[in-house]
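Chemist: After the structure tokens below, expect a handful of questions from me.
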Amino acid sequence: MSPRIAILVAAAVLAWLVGVPLAVGDRPYDIGVLTTASALSVISAGVWLMFYIGRIHIGQGAFALVGQYAAAVAITKLGLSFWIALPLAGLVAALFACAIGFPILRLKGVYFAMVTLSLTEAARLSAQSFESVTGGPRGILNIPLPGAVEVFGLTLVPDFGEVNPHIALFCLATLLAVATFAALYRIVNSRLGWLFRSLQQNEDLASSIGVNVARLRVVAFAIGSFLGGIGGAFFLAVQQSVYPSSFQVQDSIYLMLYCFLGGLGYVFGPLVGTFVLFIAFEFLHGLNEFQPLIYALIMIGLMVWLPNGLLSLRLPGSGPGDGGGRPPWRRWLRRPENRT
């Protein structure tokens, strides 16, 4: 990324952090929607990374739940600060991924997808069973808001209970999303990213030239799960409680769909897909029983007419390619036999 683009991105983030609270700061529900979308984009980024190595991951909700419980236990039972529990939750989720990663990552395609689909339900049932640690079906309640961070008497982060918590959580979610996608962009454009891409193209060929395929798969799985744990710990601060049903199988499916909608071929696909789809859910909320039908029709239409996600859209004359940079829908209307 060039310095000019980095400056533009930093300016856009600063404008977002300042402009949104000024515009909707007095409407907790609206700012809560944007906060939730930012946090969900962090979790879905881990799903995207698994797609990047050629694995269909439908179990990210399990690692978000593990991170949420890990942070809750660290705060309530160990007396740790939220700011310590936040990265600790990501590490616990990553260690859990390493423990189960070596056996299940040997599977490919739909077999791996089905195993990961069961992880969220397994995590929920485990949280219900270990009542001495997780509180069982009642969960863990009365989690305090994040406290202040002080260094040599200088307050770097205020106590969330002493300021507007909605705006404070919004700023934290935005910074987490920025850090996540900056790191993801750096990974993809590094040597590690090229090795990950080789797994997506042909694992056997990558192994034949000396790539440790098994280790790389686990590394990608651990990084993605770390992001899930971080997102889960953030939701602990938002909800101030955790239950076995905080993340369900349906949530894991949504996290995968966010990546599809934004575009699997783009680093920022999960970010765009999460904001568009989650905010669309809020608009469709009033339709009650018709919401799943409308959502399904939208998704089918996107898969048929926009298979590469929203980020594959181009304005007329915005870039090179088939049709002289024309928008994709103009080229889709052409018959296959007429394409050059």
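Labels used: A, B, ... for chains in the order of the structure tokens, numbers from 1 for residues in each chain, and numbers from 1 for ligands as shown.
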Write out as a PyMOL selection string the residues lying within 12 Å of Phe130 of chain A, counting only C-alpha atoms and excluding same-chain residues fewer than 6 positions away.

Modeler: chain A and resi 69+123-124+136-139+244

Chemist: Which residues are close to Tyr185 of chain A, i.e. within 10 Å by only C-alpha atoms, leaving aside same-chain residues fewer than 6 positions away? Reply as a list in words.

Modeler: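 Here the qualifying residues turn out to be Met1, Ala179, Gly193, Tyr266, Val267 and Phe268 of chain A.
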
Chemist: Take the residues from that selection and put them in a file with N, CA and C atoms, as a short mmCIF file (atom, residue, chain, number, x, y, z; two decimals), in the first residue's frame.

Modeler:
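Saved as result.cif:
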data_model
loop_
_atom_site.label_atom_id
_atom_site.label_comp_id
_atom_site.auth_asym_id
_atom_site.auth_seq_id
_atom_site.Cartn_x
_atom_site.Cartn_y
_atom_site.Cartn_z
N MET A 1 0.85 -1.19 0.00
CA MET A 1 0.00 0.00 0.00
C MET A 1 0.88 1.24 0.00
N ALA A 179 -7.58 -2.53 12.62
CA ALA A 179 -6.38 -3.32 12.90
C ALA A 179 -6.47 -4.70 12.26
N GLY A 193 1.30 -15.05 2.86
CA GLY A 193 0.09 -14.99 2.05
C GLY A 193 0.24 -15.76 0.75
N TYR A 266 -11.41 -10.77 -2.38
CA TYR A 266 -11.00 -9.44 -1.92
C TYR A 266 -10.79 -9.46 -0.41
N VAL A 267 -9.67 -8.87 0.03
CA VAL A 267 -9.36 -8.84 1.45
C VAL A 267 -10.46 -8.14 2.24
N PHE A 268 -11.01 -7.08 1.68
CA PHE A 268 -12.02 -6.30 2.38
C PHE A 268 -13.44 -6.79 2.09
#

Chemist: Distance atom CA of Thr76 of chain A-atom CA of Ile140 of chain A, one decimal place?

Modeler: 8.5 Å

Chemist: DSSP on the backbone, then: every residue of segment 70-188 of chain A marked alpha helix (DSSP H), written as number ranges by chain.

Modeler: A: 70-76, 82-104, 109-129, 131-134, 165-188

Chemist: Do you have, as JSON lines, the list of residues of segment 124-168 of chain A lying at most 10 Å from segment 32-56 of chain A, each with its nearest atom pair and that distance in Å to one decimal, counting only C-alpha atoms and ordered by chain then number?

Modeler:
{"residue": "A:His166", "atom": "CA", "partner": "A:Gly32", "partner_atom": "CA", "distance": 6.7}
{"residue": "A:Ile167", "atom": "CA", "partner": "A:Gly32", "partner_atom": "CA", "distance": 8.7}
{"residue": "A:Ala168", "atom": "CA", "partner": "A:Thr35", "partner_atom": "CA", "distance": 9.7}

Chemist: When you count only C-alpha atoms, which of these residues is closest to Thr174 of chain A: A:Phe160, A:Phe221, A:Phe234, A:Tyr295?

Modeler: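 Once distances to Thr174 of chain A are computed over only C-alpha atoms, the minimum belongs to A:Phe234.
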
Chemist: Give me, please, the distance in Å between atom CA of Pro270 of chain A and atom CA of Ile100 of chain A, quoted to one decimal.

Modeler: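 So the two atoms, atom CA of Pro270 of chain A and atom CA of Ile100 of chain A, lie 24.7 Å apart.
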